[in-house]
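J.: I'd like to ask you about the structure that follows.
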Amino acid sequence: MKKQLFLLCFLILTLGCSQEQVPQQTSDDYFKIIRPEFNGQLAYETTAFVEQYWRVAGNTGFNKSVYWIAERLEKSGYILESKATDTERLTYRIEKRAMANPTWEPVSASLHIEGEKDPLLLSSTNRNMTYLNSASTQKEGVTAEIVNLDTDAKSSIKGKIVYTESRAGQFYEKMVAEGALGIVTYNNPSYLQPEKNITSIQFRSLPNQKKTKLWGIALSHEANQRLKTKLEKGSTTAKVVIQTKIYPSEELTVIANIKGETQPDERLVFSAHIQEPGANDNATGVGVQLEMAALAANLFQEKKIDLDRTMTFLWGDEIISTRRYIQEDKKRATGIKWGISLDMVGENTALTGGSFLIEKMPDPSAIWTRGNDKHSEWGGEVLSLAEMKPHYLNDFIIGNFEKQGAYANWEVNTNPFEGGSDHTPFLDADIPGLLLWHFTDQFYHTDNDRLEKVSKETLKNVGTAALASALTLLNADKSTALAVLKDIEIAATNRLAIEFELSKAAMAQNSNFKEQIKILSAWEDWYHKTMETVRDLHTGSDESLNTTIEAAQQNLKSLVQKQKEKLRQ
């Protein structure tokens, strides 16, 4: 009898230990697992490696970044797909495609004003001075007169250098047709604070130069002031030396997967683009995503987590690679449940300005941007009601990032939808997708976007919150759906309370009553439909879940009806 009792106790203890390894179902549980492990070191080391290169698809820096990623994926336990068995759950591949146009990379450049000792610009200190796709000058350079097109548009430009305080595209056809040598421009936007950051140059590009040999130079504020002063005094000659590489190449994309155990065809896709020359944009996205992939693999192998659905990590050419991933395999695309873009996610905001932002899927704040909602200085077009994308992903991600913000004393904000990064291909395909980023950034797209502007703490905060959110979604079940629905109810109530007060204030300022009703109705509709979407967190149909959703929707309807009645009074 004692022996049987011992065996029973042993069995209970064994089952208890086994149960402790079952994946947790709440974001809070995943935060507890991830926070001690995500230190930001791999993210920072990767950022440092990638940011040293001027990256465009197919060139040396882009490709070296790809193989850096692949090497560290292998160290973390991912197996190259071509060598993997069907049972392997950690795999990666490097996709290779021929490029229609040659790739490009800068080598060196200098700009001297004739008669002045000090150079106007050197690429050793301003690596963005050479326009993307610029052809090389002859080895010894070219010396020619500069024509100011802003003040003297009728002068002959054949064999000359043209200057303007606008983009080169405005004059490109004229330059080709009339035989200009190249163009020198200045047009840094105000959010870059050019009078303060006098050496910053925001990178610019020319069309592909397969049939022409034009080049372009972008100026810093400091260099532009010097050149303008010289031009105002009369005829000005400059010497330009540019060396670039233009050569055939192939486009590389890295895709890594942790295959889901029970629903492998359903997946969440993280996307980070490699191209662009900066540290924050977007070496940080590459780095954070790599540490997320490595840590998730380690936790999986240590049996601290498992995944019901598949987690995919994609590194490639912005928008192009993500769109291709969605479009080239229709069966795979039907299983993509969520898409999240990591773009400019490591900023030291004490140096760059702005704050961390979650760019929401299109909601009514992208139509009526008021109260605490505001666009970034990047800006966004006013959307229509037909373009709304109701989904729980907005408030779910915001809620998790706010938890990490409270934990780490880290500022988290949102902005209405603006587009322009890897979240847009998801939305275009009617897949829930949003953007993690920073703005305003006074060094955005400039050659002062370097490693010293990156914060290891920010890398850690973004990666921790993103990974905890992903694991929650990938292992979601009915209990997750109910928890998310509860959070959506709270978010809807809070949002409608804010909108009601804003509408009441607008009415006091003689705003149109119908317009205010339209706004409240838009938010009601958005959250009503958002509540419907939580069903996809639970496989199959469940009457009790349906009943709970319907009750939440009815409560929302009653709330908004009361608000409308109060506005009429």
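Naming works like this for the structure tokens: A, B, ... for the chains as they're shown, residue 1 at the start of each chain, ligands 1 onward in shown order.
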Region 125-245 of chain A: which residues are strand (DSSP E or B) by DSSP, as an NGL selection string?
T.: :A and (130 or 132 or 142-148 or 161-164 or 182-185 or 202 or 205 or 215-218 or 237-245)
J.: Would you mind listing, for every residue of region 189-275 of chain A within 12 Å of region 344-351 of chain A, the two atoms forming the shortest contact and the distance between them in Å to one decimal, using only C-alpha atoms, sorted by chain and ascending residue number, as a tab-separated table?
T.:
```
residue	atom	partner	partner_atom	distance
A:Asn197	CA	A:Leu351	CA	11.6
A:Ala272	CA	A:Met344	CA	9.4
A:His273	CA	A:Met344	CA	10.0
A:Ile274	CA	A:Met344	CA	11.2
```
J.: Taking into account only C-alpha atoms, which residue in the set A:Asp447, A:Glu377, A:Asp428, A:Glu71 is nearest to Tyr53 (chain A)?
T.: A:Asp447
J.: For Val162 (chain A), which residue among A:Ile305, A:Leu206, A:Ile33, A:Ile217 is the nearest when counting only C-alpha atoms?
T.: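 Of all the options, A:Ile217 lies closest to Val162 (chain A).
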J.: What's around Met388 (chain A) at 9 Å? Count only C-alpha atoms, leave out sequence neighbours fewer than 4 positions away in its own chain, and write the answer as a list in words.
T.: Met361, Pro362, Asp363, Pro364, Ala366, Leu383, Ser384 and Trp526 of chain A
J.: From a DSSP calculation on the backbone, collect every residue of region 271-450 of chain A in alpha helix (DSSP H) and output the set as JSON, numbers by chain.
T.: {"A": [283, 284, 285, 286, 287, 288, 289, 290, 291, 292, 293, 294, 295, 296, 297, 298, 299, 300, 301, 320, 321, 322, 323, 324, 325, 326, 327, 330, 331, 332, 333, 334, 349, 350, 351, 352, 393, 394, 395, 396, 397, 398, 399, 400, 401, 402, 403, 404, 405, 406, 407, 408, 424, 425, 426, 427, 428]}
J.: State, in Å with one decimal place, the distance from CA of Asp449 (chain A) to CA of Ser200 (chain A).
T.: 8.9 Å
